[in-house]
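**Student:** File follows, entry-v3.txt with compact mmCIF, C-alpha atoms:
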```txt
# COMPACT_ATOMS: atom_id res chain seq x y z
CA MET A 1 78.80 214.49 -31.16
CA ALA A 2 79.55 217.22 -28.62
CA ARG A 3 78.42 220.75 -29.26
CA VAL A 4 80.11 223.93 -28.11
CA ILE A 5 79.17 227.61 -27.87
CA VAL A 6 81.96 230.00 -28.86
CA SER A 7 82.38 233.59 -29.95
CA LEU A 8 81.85 234.06 -33.70
CA SER A 9 85.05 234.24 -35.74
CA ARG A 10 86.08 234.29 -39.39
CA LYS A 11 86.78 230.56 -39.39
CA HIS A 12 83.12 229.69 -38.81
CA SER A 13 81.03 228.71 -41.83
CA LYS A 14 77.93 230.94 -41.97
CA ALA A 15 77.05 230.81 -45.67
CA ASP A 16 74.73 227.80 -45.41
CA PHE A 17 73.04 228.86 -42.16
CA ASP A 18 69.25 228.75 -42.53
CA CYS A 19 66.87 229.03 -39.60
CA GLY A 20 63.86 229.70 -41.82
CA ASN A 21 63.87 233.47 -41.20
CA LYS A 22 65.41 235.58 -43.97
CA GLU A 23 66.35 238.49 -41.69
CA LEU A 24 68.06 236.27 -39.11
CA ASN A 25 69.91 234.40 -41.87
CA ARG A 26 71.04 237.69 -43.42
CA TYR A 27 72.22 239.02 -40.07
CA ILE A 28 74.55 236.11 -39.29
CA GLN A 29 75.78 235.86 -42.88
CA THR A 30 76.46 239.55 -43.55
CA GLN A 31 76.11 241.78 -40.49
CA ALA A 32 77.16 239.94 -37.33
CA SER A 33 80.92 240.14 -37.94
CA GLN A 34 80.66 243.87 -38.67
CA ASP A 35 78.72 244.45 -35.44
CA MET A 36 81.44 242.65 -33.49
CA LYS A 37 84.19 244.72 -35.13
CA ARG A 38 82.33 247.91 -34.18
CA ASN A 39 81.73 246.65 -30.62
CA ILE A 40 77.98 246.95 -31.16
CA ALA A 41 77.27 243.32 -30.26
CA SER A 42 78.85 240.09 -29.11
CA VAL A 43 77.80 237.15 -31.25
CA PHE A 44 78.01 233.56 -30.06
CA VAL A 45 77.53 230.47 -32.21
CA LEU A 46 76.64 226.85 -31.50
CA LEU A 47 78.89 224.41 -33.36
CA ASN A 48 79.51 220.70 -33.51
CA GLU A 49 82.81 220.35 -31.66
CA THR A 50 84.66 219.00 -34.70
CA GLU A 51 83.03 221.19 -37.37
CA LEU A 52 82.98 224.92 -38.02
CA GLU A 53 79.43 225.11 -39.40
CA VAL A 54 77.09 227.38 -37.45
CA ILE A 55 74.06 225.48 -36.10
CA ALA A 56 72.56 228.37 -34.09
CA TYR A 57 73.54 231.79 -32.78
CA TYR A 58 72.63 234.52 -30.35
CA THR A 59 73.75 238.09 -29.83
CA LEU A 60 74.24 240.31 -26.81
CA SER A 61 74.20 244.07 -26.96
CA SER A 62 74.43 246.77 -24.33
CA PHE A 63 72.39 249.21 -26.39
CA THR A 64 68.95 250.15 -25.17
CA ILE A 65 65.93 251.80 -26.70
CA ASP A 66 64.10 254.45 -24.73
CA ILE A 67 60.53 253.17 -24.65
CA THR A 68 59.22 256.75 -24.73
CA GLU A 69 60.72 257.10 -28.21
CA LEU A 70 58.62 254.24 -29.59
CA ASP A 71 55.19 254.44 -31.15
CA GLU A 72 52.54 254.22 -28.40
CA LEU A 73 50.99 250.99 -29.75
CA LEU A 74 54.37 249.29 -29.97
CA SER A 75 55.47 250.42 -26.51
CA LYS A 76 52.24 249.02 -25.00
CA ARG A 77 52.98 245.61 -26.56
CA LEU A 78 56.48 245.63 -25.10
```
Could you express the structure from this file as structure tokens?

**Tutor:**
Amino acid sequence: MARVIVSLSRKHSKADFDCGNKELNRYIQTQASQDMKRNIASVFVLLNETELEVIAYYTLSSFTIDITELDELLSKRL
């Protein structure tokens, strides 16, 4: 079965998505569409070509964090 990567839309089934990480699951299920509407992020999903169920996803954002604003220990790790 062929797989495709497309921009997230309302027609995609996100409710059953489970990657094993609660925060990542919550993001795609409840926040990703809102971020797209606000132009905060672009969200792309991997689907089976004939199904609308989300298999995987990734996001792109043009926002940056000034490293000088981070805690010193965290900024050293980054």

**Student:** Could you state the separation of atom CA of Ala2 of chain A and atom CA of Leu46 of chain A in Å, given to one decimal place?

**Tutor:**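 That distance, rounded to one decimal, is 10.5 Å.
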
**Student:** Report the distance between atom CA of Asp16 of chain A and atom CA of Ser62 of chain A in Å, rounded to one decimal place.

**Tutor:**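 Straight-line distance from atom CA of Asp16 of chain A to atom CA of Ser62 of chain A works out to 28.4 Å.
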
**Student:** With distances taken over all atoms listed in the file, which residue among A:Glu69, A:Ser33, A:Leu74, A:Phe63 lies nearest Lys11 of chain A?

**Tutor:**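 That would be A:Ser33, the residue with the smallest distance to Lys11 of chain A.
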
**Student:** Which value, in Å to one decimal, gives the distance between atom CA of His12 of chain A and atom CA of Arg38 of chain A?

**Tutor:**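 So the answer is 18.8 Å.
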
**Student:** Can you pull out the residues contacting Asn48 of chain A? Cut-off 10 Å, using all atoms listed in the file, and skip same-chain residues under 3 positions away; I want them as a list in words.

**Tutor:** Met1, Ala2, Arg3, Val4, Ile5, Glu51, Leu52, Glu53, Val54 and Ile55 of chain A

**Student:** Show which residues sit within 12 Å of Ile65 of chain A, as a list in words. Count only C-alpha atoms, and ignore same-chain residues fewer than 4 positions away.

**Tutor:**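 After dropping sequence-adjacent residues, the list is Ser61, Glu69, Leu70, Asp71, Ser75 and Leu78 of chain A.
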
**Student:** For a quick check of understanding, using only C-alpha atoms, which of A:Tyr58, A:Gly20, A:Leu8, A:Glu49 has the smallest distance to Met36 of chain A?

**Tutor:**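 With only C-alpha atoms as the atom set, the closest residue is A:Leu8.
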
**Student:** I need the residue nearest Asn25 of chain A from this list: A:Ala41, A:Val6, A:Ile67, A:Ala56. Use only C-alpha atoms for the distance.

**Tutor:** A:Ala56
